[in-house]
Amino acid sequence: MRNIVMLGVQGSGKGTQADRISARYEIPTISTGKLFRAEIERNTGLGREISSIIKKGELVPAARINQMMGERLSEEDTVNGVIVDGYPRTLEQAQALDDIMSGLSRQVTHVLYIKISDEEAVRRLSGRRVCSNNKCEANYHVEFNPPKKDPNRCDRCGSALMQRADDNPEAIGRRLELYHKDTAPLVDFYKKKGTLHEVDGQQPIPDVEAVINGILA
Ligand code: AP5
Ligand code: MG
């Protein structure tokens with residue numbers, strides 16, 4: 001069974017590669033960012049609470065996330081494996097994930113650490129476009145991964161493409177700052193556990209995918 005954590009700076013390709021792993025191994029992806037954006041779109045209580053936090057690139061309070069992940073990982077569709085994207089993001093969350101997993105008699109089997117430079121991250125996030133249909137949220141890049149049919153529409157579902165609210169220069173700067181402060185220590189945390197696999201994320205998308213397929217085979 002593969003219980004995979006995607007780790008890497010914003011824009012490293014966690015979501016892009018999670019989609020591909022999910023299709024290949026037929027296991028679901030739980031993306032905290034996607035779950036939060038769906039709450040904002042539906043204008044729920046939580047959505048209203050976190051909308052401005054996310055737009056500014058700050059982190060959503062941990063208690064909310066750990067509880068949400070505990071509930072989501074207990075759902076039936078994750079029993080044959082799962083990909084977690086966007087979580088954990090702090091040492092506290094990493095410990096919480098370990099506790100959730102051991103409570104379910106499971107463990108994290110692979111941590112895929114996709115490594116890129118901050119300059120590359122800024123280029124990727126500035127040019128990212130996402131499908132406006134939050135059930136789809138397919139990912140594109142104006143230069144590196146444009147849609148094949150219409151430059152302004154999603155290949156998968158035909159909806160209009162848009163820029164994410166947090167892909168603006170101020171929020172990108174803040175997200176990278178928080179990554180280096182809070183998330184980067186997870187590299188050592190998982191290295192010590194022996195589950196970390198480092199992947200050179202500066203290569204084209206299919207090449208990164210091939211490296212990951214080799215690791216998961
Ligand atoms: P989240 O949605 O997780 O966003 P993020 O962390 O900012 O990460 P990204 O989605 O920007 O990066 P990615 O690695 O997925 O890149 P992608 O594949 O799209 O979280 C959003 C917010 O929610 C957070 O800021 C926070 O507020 C909150 N939140 C979420 N989880 C939380 C938690 N656990 N605790 C607290 N708060 C939390 O790729 C980027 C672009 O590059 C795309 O355009 C893609 O086409 C392109 N690309 C990808 N790979 C390549 C390649 N190899 N070559 C060229 N281009 C590429
Ligand atoms: Mg993502």
# chains A, B, ... in the order shown; residues from 1 in each chain; ligands from 1

call {"tool": "select_by_dssp", "arguments": {"residues": "chain A", "states": "helix (DSSP H, G or I)", "output": "ChimeraX atom specification"}}
result
/A:14-25,32-41,45-56,62-73,76-78,91-103,118-126,169-183,185-193,205-216

call {"tool": "residues_near_ligand", "arguments": {"ligand": "ligand 1", "cutoff": "7 Å", "atoms": "only C-alpha atoms and all ligand atoms", "output": "ChimeraX atom specification"}}
result
/A:8-17,31-34,36,53-54,57-62,65,85-89,124-125,127-129,139-141,144-145,175,201-205,208

call {"tool": "write_last_selection", "arguments": {"atoms": "N, CA and C atoms", "output": "tab-separated table (two decimals), in the first residue's frame"}}
result
chain	number	residue	atom	x	y	z
A	8	GLY	N	7.46	19.91	-0.77
A	8	GLY	CA	8.23	20.79	-1.66
A	8	GLY	C	7.67	22.19	-1.61
A	9	VAL	N	8.50	23.12	-2.04
A	9	VAL	CA	8.10	24.52	-1.98
A	9	VAL	C	6.88	24.76	-2.88
A	10	GLN	N	6.17	25.84	-2.63
A	10	GLN	CA	5.03	26.20	-3.45
A	10	GLN	C	5.47	26.29	-4.91
A	11	GLY	N	4.73	25.67	-5.80
A	11	GLY	CA	5.07	25.71	-7.22
A	11	GLY	C	6.02	24.61	-7.66
A	12	SER	N	6.42	23.73	-6.74
A	12	SER	CA	7.38	22.68	-7.12
A	12	SER	C	6.74	21.61	-7.98
A	13	GLY	N	5.39	21.58	-8.02
A	13	GLY	CA	4.72	20.59	-8.85
A	13	GLY	C	4.04	19.49	-8.04
A	14	LYS	N	3.75	19.76	-6.78
A	14	LYS	CA	3.11	18.74	-5.93
A	14	LYS	C	1.75	18.35	-6.50
A	15	GLY	N	0.93	19.37	-6.80
A	15	GLY	CA	-0.41	19.11	-7.33
A	15	GLY	C	-0.35	18.46	-8.70
A	16	THR	N	0.55	18.97	-9.54
A	16	THR	CA	0.71	18.46	-10.90
A	16	THR	C	1.06	16.97	-10.86
A	17	GLN	N	2.03	16.60	-10.04
A	17	GLN	CA	2.46	15.20	-9.98
A	17	GLN	C	1.46	14.34	-9.21
A	31	SER	N	-5.92	17.11	-1.10
A	31	SER	CA	-5.17	18.37	-1.17
A	31	SER	C	-5.83	19.36	-0.22
A	32	THR	N	-5.09	19.76	0.81
A	32	THR	CA	-5.67	20.69	1.79
A	32	THR	C	-6.05	22.01	1.10
A	33	GLY	N	-5.18	22.48	0.21
A	33	GLY	CA	-5.47	23.74	-0.49
A	33	GLY	C	-6.77	23.65	-1.28
A	34	LYS	N	-6.94	22.51	-1.97
A	34	LYS	CA	-8.16	22.31	-2.77
A	34	LYS	C	-9.40	22.25	-1.88
A	36	PHE	N	-9.75	23.66	1.01
A	36	PHE	CA	-10.01	25.01	1.52
A	36	PHE	C	-10.65	25.90	0.44
A	53	ILE	N	-7.06	34.71	5.01
A	53	ILE	CA	-5.78	34.07	5.42
A	53	ILE	C	-5.08	33.53	4.18
A	54	ILE	N	-5.83	32.82	3.34
A	54	ILE	CA	-5.24	32.18	2.16
A	54	ILE	C	-4.82	33.22	1.13
A	57	GLY	N	-1.57	34.44	1.86
A	57	GLY	CA	-0.48	33.46	1.86
A	57	GLY	C	-0.10	32.98	3.25
A	58	GLU	N	-0.94	33.29	4.26
A	58	GLU	CA	-0.66	32.83	5.63
A	58	GLU	C	-1.15	31.39	5.80
A	59	LEU	N	-0.78	30.75	6.92
A	59	LEU	CA	-1.23	29.38	7.18
A	59	LEU	C	-2.55	29.37	7.93
A	60	VAL	N	-3.40	28.43	7.57
A	60	VAL	CA	-4.67	28.23	8.27
A	60	VAL	C	-4.34	27.59	9.64
A	61	PRO	N	-5.07	27.98	10.73
A	61	PRO	CA	-4.76	27.43	12.06
A	61	PRO	C	-4.75	25.89	12.09
A	62	ALA	N	-3.74	25.35	12.80
A	62	ALA	CA	-3.46	23.92	12.75
A	62	ALA	C	-4.60	23.04	13.23
A	65	ILE	N	-7.00	22.02	10.63
A	65	ILE	CA	-6.48	21.13	9.59
A	65	ILE	C	-6.32	19.71	10.09
A	85	ASP	N	-1.39	16.06	-0.31
A	85	ASP	CA	-0.71	17.20	-0.93
A	85	ASP	C	-1.04	18.47	-0.15
A	86	GLY	N	-0.02	19.10	0.41
A	86	GLY	CA	-0.24	20.36	1.15
A	86	GLY	C	-0.28	20.14	2.66
A	87	TYR	N	-0.04	18.94	3.07
A	87	TYR	CA	-0.09	18.56	4.50
A	87	TYR	C	0.87	17.39	4.68
A	88	PRO	N	1.67	17.32	5.71
A	88	PRO	CA	1.86	18.34	6.74
A	88	PRO	C	2.73	19.49	6.24
A	89	ARG	N	2.64	20.61	6.94
A	89	ARG	CA	3.36	21.81	6.56
A	89	ARG	C	4.16	22.38	7.72
A	124	ARG	N	6.95	29.76	-11.80
A	124	ARG	CA	5.85	28.79	-11.96
A	124	ARG	C	4.54	29.36	-11.43
A	125	LEU	N	4.60	29.98	-10.24
A	125	LEU	CA	3.36	30.46	-9.62
A	125	LEU	C	2.80	31.66	-10.38
A	127	GLY	N	2.94	32.20	-13.53
A	127	GLY	CA	2.34	31.81	-14.81
A	127	GLY	C	1.31	30.70	-14.68
A	128	ARG	N	1.00	30.30	-13.45
A	128	ARG	CA	0.04	29.20	-13.28
A	128	ARG	C	-1.38	29.66	-13.62
A	129	ARG	N	-2.13	28.80	-14.25
A	129	ARG	CA	-3.56	29.01	-14.46
A	129	ARG	C	-4.27	27.74	-13.98
A	139	ASN	N	-4.56	21.95	-13.63
A	139	ASN	CA	-3.46	22.87	-13.45
A	139	ASN	C	-2.74	23.13	-14.76
A	140	TYR	N	-2.49	24.39	-15.11
A	140	TYR	CA	-1.76	24.69	-16.34
A	140	TYR	C	-0.71	25.75	-16.05
A	141	HIS	N	0.15	25.98	-17.05
A	141	HIS	CA	1.10	27.08	-16.96
A	141	HIS	C	1.16	27.73	-18.33
A	144	PHE	N	4.89	26.72	-19.59
A	144	PHE	CA	5.44	25.36	-19.44
A	144	PHE	C	4.41	24.26	-19.66
A	145	ASN	N	3.13	24.59	-19.52
A	145	ASN	CA	2.11	23.53	-19.62
A	145	ASN	C	0.77	24.13	-20.06
A	175	ARG	N	4.37	33.14	1.12
A	175	ARG	CA	4.29	31.67	1.12
A	175	ARG	C	5.69	31.06	1.11
A	201	GLY	N	13.06	18.62	-9.20
A	201	GLY	CA	11.83	19.15	-9.80
A	201	GLY	C	12.07	20.16	-10.89
A	202	GLN	N	13.34	20.45	-11.20
A	202	GLN	CA	13.62	21.48	-12.22
A	202	GLN	C	13.52	20.91	-13.64
A	203	GLN	N	13.25	19.63	-13.77
A	203	GLN	CA	13.13	19.02	-15.09
A	203	GLN	C	11.70	19.20	-15.62
A	204	PRO	N	11.50	18.95	-16.94
A	204	PRO	CA	10.14	19.03	-17.48
A	204	PRO	C	9.18	18.05	-16.77
A	205	ILE	N	7.89	18.37	-16.79
A	205	ILE	CA	6.89	17.60	-16.05
A	205	ILE	C	6.98	16.08	-16.32
A	208	VAL	N	9.98	14.54	-14.44
A	208	VAL	CA	9.76	14.44	-12.99
A	208	VAL	C	8.86	13.23	-12.73

call {"tool": "residues_around", "arguments": {"residues": "Gly103 of chain A", "least_positions_apart": "5", "cutoff": "12 Å", "atoms": "only C-alpha atoms", "output": "list in words"}}
result
Gly70, Glu71, Leu73, Ser74, Ala96, Leu97 and Asp98 of chain A

call {"tool": "closest_atom_pairs", "arguments": {"of": "segment 53-158 of chain A", "to": "segment 178-195 of chain A", "cutoff": "8 Å", "atoms": "only C-alpha atoms", "output": "JSON lines"}}
result
{"residue": "A:Glu58", "atom": "CA", "partner": "A:Leu178", "partner_atom": "CA", "distance": 7.7}
{"residue": "A:Pro88", "atom": "CA", "partner": "A:Thr183", "partner_atom": "CA", "distance": 7.9}
{"residue": "A:Arg89", "atom": "CA", "partner": "A:Thr183", "partner_atom": "CA", "distance": 4.9}
{"residue": "A:Thr90", "atom": "CA", "partner": "A:Thr183", "partner_atom": "CA", "distance": 5.1}
{"residue": "A:Leu91", "atom": "CA", "partner": "A:Leu186", "partner_atom": "CA", "distance": 6.3}
{"residue": "A:Ala94", "atom": "CA", "partner": "A:Leu186", "partner_atom": "CA", "distance": 7.6}
{"residue": "A:Val108", "atom": "CA", "partner": "A:Thr195", "partner_atom": "CA", "distance": 7.7}
{"residue": "A:Thr109", "atom": "CA", "partner": "A:Thr195", "partner_atom": "CA", "distance": 6.2}
{"residue": "A:His110", "atom": "CA", "partner": "A:Thr195", "partner_atom": "CA", "distance": 5.2}
{"residue": "A:Val111", "atom": "CA", "partner": "A:Thr195", "partner_atom": "CA", "distance": 5.7}
{"residue": "A:Tyr113", "atom": "CA", "partner": "A:Val187", "partner_atom": "CA", "distance": 7.5}

call {"tool": "write_last_selection", "arguments": {"atoms": "N, CA, C and O atoms", "output": "PDB file, in the first residue's frame"}}
result
ATOM      1  N   GLU A  58      -0.938  33.292   4.255  1.00  0.00           N
ATOM      2  CA  GLU A  58      -0.658  32.831   5.627  1.00  0.00           C
ATOM      3  C   GLU A  58      -1.150  31.389   5.801  1.00  0.00           C
ATOM      4  O   GLU A  58      -1.891  30.874   4.958  1.00  0.00           O
ATOM      5  N   PRO A  88       1.674  17.321   5.707  1.00  0.00           N
ATOM      6  CA  PRO A  88       1.859  18.338   6.736  1.00  0.00           C
ATOM      7  C   PRO A  88       2.729  19.492   6.239  1.00  0.00           C
ATOM      8  O   PRO A  88       3.480  19.349   5.279  1.00  0.00           O
ATOM      9  N   ARG A  89       2.642  20.610   6.938  1.00  0.00           N
ATOM     10  CA  ARG A  89       3.363  21.811   6.555  1.00  0.00           C
ATOM     11  C   ARG A  89       4.162  22.383   7.719  1.00  0.00           C
ATOM     12  O   ARG A  89       4.870  23.372   7.569  1.00  0.00           O
ATOM     13  N   THR A  90       4.029  21.749   8.883  1.00  0.00           N
ATOM     14  CA  THR A  90       4.807  22.142  10.067  1.00  0.00           C
ATOM     15  C   THR A  90       5.156  20.834  10.800  1.00  0.00           C
ATOM     16  O   THR A  90       4.505  19.798  10.573  1.00  0.00           O
ATOM     17  N   LEU A  91       6.143  20.911  11.711  1.00  0.00           N
ATOM     18  CA  LEU A  91       6.499  19.711  12.476  1.00  0.00           C
ATOM     19  C   LEU A  91       5.309  19.234  13.307  1.00  0.00           C
ATOM     20  O   LEU A  91       5.075  18.030  13.446  1.00  0.00           O
ATOM     21  N   ALA A  94       3.153  17.285  11.121  1.00  0.00           N
ATOM     22  CA  ALA A  94       3.766  15.997  10.765  1.00  0.00           C
ATOM     23  C   ALA A  94       3.539  14.993  11.889  1.00  0.00           C
ATOM     24  O   ALA A  94       3.242  13.811  11.653  1.00  0.00           O
ATOM     25  N   VAL A 108       2.861   6.445   6.803  1.00  0.00           N
ATOM     26  CA  VAL A 108       3.322   7.118   5.588  1.00  0.00           C
ATOM     27  C   VAL A 108       4.427   6.247   4.995  1.00  0.00           C
ATOM     28  O   VAL A 108       5.394   5.917   5.677  1.00  0.00           O
ATOM     29  N   THR A 109       4.275   5.859   3.721  1.00  0.00           N
ATOM     30  CA  THR A 109       5.272   4.960   3.117  1.00  0.00           C
ATOM     31  C   THR A 109       6.310   5.718   2.283  1.00  0.00           C
ATOM     32  O   THR A 109       7.467   5.313   2.211  1.00  0.00           O
ATOM     33  N   HIS A 110       5.884   6.798   1.602  1.00  0.00           N
ATOM     34  CA  HIS A 110       6.794   7.551   0.735  1.00  0.00           C
ATOM     35  C   HIS A 110       6.576   9.050   0.934  1.00  0.00           C
ATOM     36  O   HIS A 110       5.441   9.511   0.851  1.00  0.00           O
ATOM     37  N   VAL A 111       7.665   9.771   1.141  1.00  0.00           N
ATOM     38  CA  VAL A 111       7.586  11.230   1.125  1.00  0.00           C
ATOM     39  C   VAL A 111       8.355  11.689  -0.109  1.00  0.00           C
ATOM     40  O   VAL A 111       9.565  11.469  -0.215  1.00  0.00           O
ATOM     41  N   TYR A 113       9.892  14.468  -2.012  1.00  0.00           N
ATOM     42  CA  TYR A 113      10.354  15.843  -1.801  1.00  0.00           C
ATOM     43  C   TYR A 113      10.828  16.397  -3.146  1.00  0.00           C
ATOM     44  O   TYR A 113      11.901  16.053  -3.634  1.00  0.00           O
TER      45      TYR A 113
END

call {"tool": "select_by_dssp", "arguments": {"residues": "segment 18-174 of chain A", "states": "strand (DSSP E or B)", "output": "list in words"}}
result
Thr29, Ile30, Ser31, Gly81, Val82, Ile83, Val84, Asp85, His110, Val111, Leu112, Tyr113, Ile114, Lys115, Arg128, Arg129, Val130, Cys131, Asn139, Tyr140, His141, Asn145, Arg153, Ala160, Leu161 and Met162 of chain A

call {"tool": "write_last_selection", "arguments": {"atoms": "N, CA, C and O atoms", "output": "mmCIF file, in the first residue's frame"}}
result
data_model
loop_
_atom_site.group_PDB
_atom_site.id
_atom_site.type_symbol
_atom_site.label_atom_id
_atom_site.label_comp_id
_atom_site.auth_asym_id
_atom_site.auth_seq_id
_atom_site.Cartn_x
_atom_site.Cartn_y
_atom_site.Cartn_z
ATOM 1 N N THR A 29 -6.284 11.690 -4.078
ATOM 2 C CA THR A 29 -5.419 12.736 -3.534
ATOM 3 C C THR A 29 -6.233 13.583 -2.572
ATOM 4 O O THR A 29 -7.335 13.996 -2.904
ATOM 5 N N ILE A 30 -5.670 13.829 -1.404
ATOM 6 C CA ILE A 30 -6.280 14.797 -0.499
ATOM 7 C C ILE A 30 -5.394 16.034 -0.546
ATOM 8 O O ILE A 30 -4.241 15.987 -0.120
ATOM 9 N N SER A 31 -5.923 17.113 -1.103
ATOM 10 C CA SER A 31 -5.174 18.365 -1.169
ATOM 11 C C SER A 31 -5.829 19.356 -0.216
ATOM 12 O O SER A 31 -6.990 19.731 -0.404
ATOM 13 N N GLY A 81 -4.676 3.162 -0.104
ATOM 14 C CA GLY A 81 -3.586 4.099 -0.356
ATOM 15 C C GLY A 81 -4.120 5.491 -0.607
ATOM 16 O O GLY A 81 -5.300 5.675 -0.937
ATOM 17 N N VAL A 82 -3.237 6.472 -0.453
ATOM 18 C CA VAL A 82 -3.671 7.861 -0.558
ATOM 19 C C VAL A 82 -2.465 8.752 -0.854
ATOM 20 O O VAL A 82 -1.326 8.381 -0.540
ATOM 21 N N ILE A 83 -2.733 9.885 -1.487
ATOM 22 C CA ILE A 83 -1.687 10.893 -1.696
ATOM 23 C C ILE A 83 -2.122 12.132 -0.925
ATOM 24 O O ILE A 83 -3.256 12.579 -1.087
ATOM 25 N N VAL A 84 -1.234 12.657 -0.102
ATOM 26 C CA VAL A 84 -1.569 13.850 0.664
ATOM 27 C C VAL A 84 -0.717 15.003 0.135
ATOM 28 O O VAL A 84 0.508 14.917 0.107
ATOM 29 N N ASP A 85 -1.387 16.058 -0.310
ATOM 30 C CA ASP A 85 -0.709 17.202 -0.931
ATOM 31 C C ASP A 85 -1.039 18.473 -0.152
ATOM 32 O O ASP A 85 -2.200 18.835 -0.028
ATOM 33 N N HIS A 110 5.884 6.798 1.602
ATOM 34 C CA HIS A 110 6.794 7.551 0.735
ATOM 35 C C HIS A 110 6.576 9.050 0.934
ATOM 36 O O HIS A 110 5.441 9.511 0.851
ATOM 37 N N VAL A 111 7.665 9.771 1.141
ATOM 38 C CA VAL A 111 7.586 11.230 1.125
ATOM 39 C C VAL A 111 8.355 11.689 -0.109
ATOM 40 O O VAL A 111 9.565 11.469 -0.215
ATOM 41 N N LEU A 112 7.648 12.267 -1.059
ATOM 42 C CA LEU A 112 8.284 12.712 -2.304
ATOM 43 C C LEU A 112 8.616 14.190 -2.164
ATOM 44 O O LEU A 112 7.722 15.039 -2.150
ATOM 45 N N TYR A 113 9.892 14.468 -2.012
ATOM 46 C CA TYR A 113 10.354 15.843 -1.801
ATOM 47 C C TYR A 113 10.828 16.397 -3.146
ATOM 48 O O TYR A 113 11.901 16.053 -3.634
ATOM 49 N N ILE A 114 9.984 17.223 -3.744
ATOM 50 C CA ILE A 114 10.283 17.781 -5.068
ATOM 51 C C ILE A 114 11.023 19.104 -4.865
ATOM 52 O O ILE A 114 10.483 20.036 -4.262
ATOM 53 N N LYS A 115 12.256 19.122 -5.378
ATOM 54 C CA LYS A 115 13.137 20.242 -5.055
ATOM 55 C C LYS A 115 13.304 21.193 -6.249
ATOM 56 O O LYS A 115 13.684 20.742 -7.339
ATOM 57 N N ARG A 128 0.999 30.301 -13.448
ATOM 58 C CA ARG A 128 0.037 29.199 -13.280
ATOM 59 C C ARG A 128 -1.380 29.658 -13.620
ATOM 60 O O ARG A 128 -1.791 30.765 -13.296
ATOM 61 N N ARG A 129 -2.127 28.800 -14.249
ATOM 62 C CA ARG A 129 -3.564 29.006 -14.458
ATOM 63 C C ARG A 129 -4.266 27.742 -13.985
ATOM 64 O O ARG A 129 -3.761 26.646 -14.193
ATOM 65 N N VAL A 130 -5.419 27.926 -13.338
ATOM 66 C CA VAL A 130 -6.168 26.756 -12.868
ATOM 67 C C VAL A 130 -7.585 26.803 -13.433
ATOM 68 O O VAL A 130 -8.119 27.881 -13.712
ATOM 69 N N CYS A 131 -8.173 25.636 -13.567
ATOM 70 C CA CYS A 131 -9.550 25.552 -14.034
ATOM 71 C C CYS A 131 -10.462 26.157 -12.966
ATOM 72 O O CYS A 131 -10.303 25.877 -11.778
ATOM 73 N N ASN A 139 -4.564 21.949 -13.627
ATOM 74 C CA ASN A 139 -3.464 22.868 -13.448
ATOM 75 C C ASN A 139 -2.741 23.128 -14.765
ATOM 76 O O ASN A 139 -2.396 22.180 -15.451
ATOM 77 N N TYR A 140 -2.488 24.393 -15.110
ATOM 78 C CA TYR A 140 -1.758 24.691 -16.342
ATOM 79 C C TYR A 140 -0.706 25.751 -16.053
ATOM 80 O O TYR A 140 -0.694 26.357 -14.987
ATOM 81 N N HIS A 141 0.154 25.978 -17.052
ATOM 82 C CA HIS A 141 1.103 27.082 -16.958
ATOM 83 C C HIS A 141 1.157 27.732 -18.334
ATOM 84 O O HIS A 141 1.234 27.021 -19.344
ATOM 85 N N ASN A 145 3.130 24.587 -19.522
ATOM 86 C CA ASN A 145 2.109 23.525 -19.623
ATOM 87 C C ASN A 145 0.769 24.134 -20.062
ATOM 88 O O ASN A 145 -0.220 24.076 -19.334
ATOM 89 N N ARG A 153 -9.228 27.953 -21.887
ATOM 90 C CA ARG A 153 -10.204 26.990 -21.371
ATOM 91 C C ARG A 153 -9.525 25.679 -20.975
ATOM 92 O O ARG A 153 -8.500 25.306 -21.534
ATOM 93 N N ALA A 160 -13.613 28.017 -17.913
ATOM 94 C CA ALA A 160 -12.617 29.081 -18.089
ATOM 95 C C ALA A 160 -11.441 28.863 -17.134
ATOM 96 O O ALA A 160 -11.610 28.314 -16.047
ATOM 97 N N LEU A 161 -10.258 29.304 -17.549
ATOM 98 C CA LEU A 161 -9.088 29.245 -16.662
ATOM 99 C C LEU A 161 -8.986 30.556 -15.888
ATOM 100 O O LEU A 161 -9.439 31.595 -16.353
ATOM 101 N N MET A 162 -8.399 30.490 -14.706
ATOM 102 C CA MET A 162 -8.219 31.711 -13.904
ATOM 103 C C MET A 162 -6.908 31.626 -13.127
ATOM 104 O O MET A 162 -6.273 30.571 -13.080
#

call {"tool": "atom_distance", "arguments": {"atom1": "atom CA of Ile116 of chain A", "atom2": "atom CA of Leu35 of chain A"}}
result
24.9 Å

call {"tool": "closest_residue", "arguments": {"among": "A:Val122, A:Cys154, A:Met69, A:Ile40", "to": "Arg174 of chain A", "atoms": "only C-alpha atoms"}}
result
A:Val122

call {"tool": "atom_distance", "arguments": {"atom1": "atom CA of Ala63 of chain A", "atom2": "atom CA of Val5 of chain A"}}
result
19.4 Å

call {"tool": "atom_distance", "arguments": {"atom1": "atom CA of Met68 of chain A", "atom2": "atom CA of Arg24 of chain A"}}
result
25.9 Å

call {"tool": "closest_residue", "arguments": {"among": "A:Ala138, A:Ala38, A:Ile27, A:Ile100", "to": "ligand 2", "atoms": "only C-alpha atoms and all ligand atoms"}}
result
A:Ala138

call {"tool": "residues_around", "arguments": {"residues": "Asp166 of chain A", "least_positions_apart": "2", "cutoff": "7 Å", "atoms": "only C-alpha atoms", "output": "list in words"}}
result
Ile54, Lys55, Lys56, Gly57, Arg164, Asn168, Ala171 and Ile172 of chain A

call {"tool": "decode", "arguments": {"residues": "segment 168-189 of chain A", "atoms": "N, CA and C atoms", "output": "mmCIF file, in the first residue's frame"}}
result
data_model
loop_
_atom_site.group_PDB
_atom_site.id
_atom_site.type_symbol
_atom_site.label_atom_id
_atom_site.label_comp_id
_atom_site.auth_asym_id
_atom_site.auth_seq_id
_atom_site.Cartn_x
_atom_site.Cartn_y
_atom_site.Cartn_z
ATOM 1 N N ASN A 168 -0.395 36.072 -6.306
ATOM 2 C CA ASN A 168 -0.001 37.468 -6.548
ATOM 3 C C ASN A 168 1.348 37.679 -5.854
ATOM 4 N N PRO A 169 2.143 38.666 -6.314
ATOM 5 C CA PRO A 169 3.524 38.784 -5.825
ATOM 6 C C PRO A 169 3.658 38.844 -4.305
ATOM 7 N N GLU A 170 2.769 39.568 -3.597
ATOM 8 C CA GLU A 170 2.911 39.686 -2.133
ATOM 9 C C GLU A 170 2.697 38.323 -1.478
ATOM 10 N N ALA A 171 1.608 37.633 -1.856
ATOM 11 C CA ALA A 171 1.308 36.334 -1.233
ATOM 12 C C ALA A 171 2.367 35.291 -1.600
ATOM 13 N N ILE A 172 2.874 35.340 -2.820
ATOM 14 C CA ILE A 172 3.912 34.373 -3.218
ATOM 15 C C ILE A 172 5.139 34.551 -2.313
ATOM 16 N N GLY A 173 5.537 35.804 -2.083
ATOM 17 C CA GLY A 173 6.684 36.091 -1.216
ATOM 18 C C GLY A 173 6.458 35.542 0.180
ATOM 19 N N ARG A 174 5.275 35.772 0.720
ATOM 20 C CA ARG A 174 4.965 35.322 2.080
ATOM 21 C C ARG A 174 4.932 33.789 2.150
ATOM 22 N N ARG A 175 4.372 33.143 1.123
ATOM 23 C CA ARG A 175 4.288 31.672 1.121
ATOM 24 C C ARG A 175 5.688 31.056 1.111
ATOM 25 N N LEU A 176 6.587 31.637 0.319
ATOM 26 C CA LEU A 176 7.951 31.091 0.262
ATOM 27 C C LEU A 176 8.664 31.286 1.602
ATOM 28 N N GLU A 177 8.433 32.451 2.200
ATOM 29 C CA GLU A 177 9.037 32.737 3.506
ATOM 30 C C GLU A 177 8.564 31.699 4.548
ATOM 31 N N LEU A 178 7.252 31.455 4.573
ATOM 32 C CA LEU A 178 6.705 30.479 5.537
ATOM 33 C C LEU A 178 7.195 29.067 5.240
ATOM 34 N N TYR A 179 7.357 28.755 3.953
ATOM 35 C CA TYR A 179 7.869 27.423 3.601
ATOM 36 C C TYR A 179 9.246 27.211 4.239
ATOM 37 N N HIS A 180 10.126 28.191 4.049
ATOM 38 C CA HIS A 180 11.492 28.003 4.565
ATOM 39 C C HIS A 180 11.521 27.963 6.089
ATOM 40 N N LYS A 181 10.629 28.718 6.724
ATOM 41 C CA LYS A 181 10.615 28.755 8.188
ATOM 42 C C LYS A 181 9.953 27.493 8.770
ATOM 43 N N ASP A 182 8.764 27.147 8.286
ATOM 44 C CA ASP A 182 7.951 26.111 8.950
ATOM 45 C C ASP A 182 8.008 24.733 8.286
ATOM 46 N N THR A 183 8.105 24.706 6.959
ATOM 47 C CA THR A 183 7.948 23.420 6.246
ATOM 48 C C THR A 183 9.284 22.750 5.942
ATOM 49 N N ALA A 184 10.313 23.542 5.615
ATOM 50 C CA ALA A 184 11.609 22.953 5.260
ATOM 51 C C ALA A 184 12.144 21.978 6.330
ATOM 52 N N PRO A 185 11.919 22.231 7.653
ATOM 53 C CA PRO A 185 12.411 21.261 8.648
ATOM 54 C C PRO A 185 11.830 19.852 8.494
ATOM 55 N N LEU A 186 10.750 19.709 7.723
ATOM 56 C CA LEU A 186 10.179 18.374 7.538
ATOM 57 C C LEU A 186 11.092 17.470 6.711
ATOM 58 N N VAL A 187 11.981 18.076 5.930
ATOM 59 C CA VAL A 187 12.906 17.271 5.130
ATOM 60 C C VAL A 187 13.736 16.399 6.070
ATOM 61 N N ASP A 188 14.288 16.996 7.100
ATOM 62 C CA ASP A 188 15.094 16.237 8.067
ATOM 63 C C ASP A 188 14.241 15.251 8.864
ATOM 64 N N PHE A 189 13.050 15.704 9.220
ATOM 65 C CA PHE A 189 12.120 14.860 9.990
ATOM 66 C C PHE A 189 11.884 13.533 9.253
#
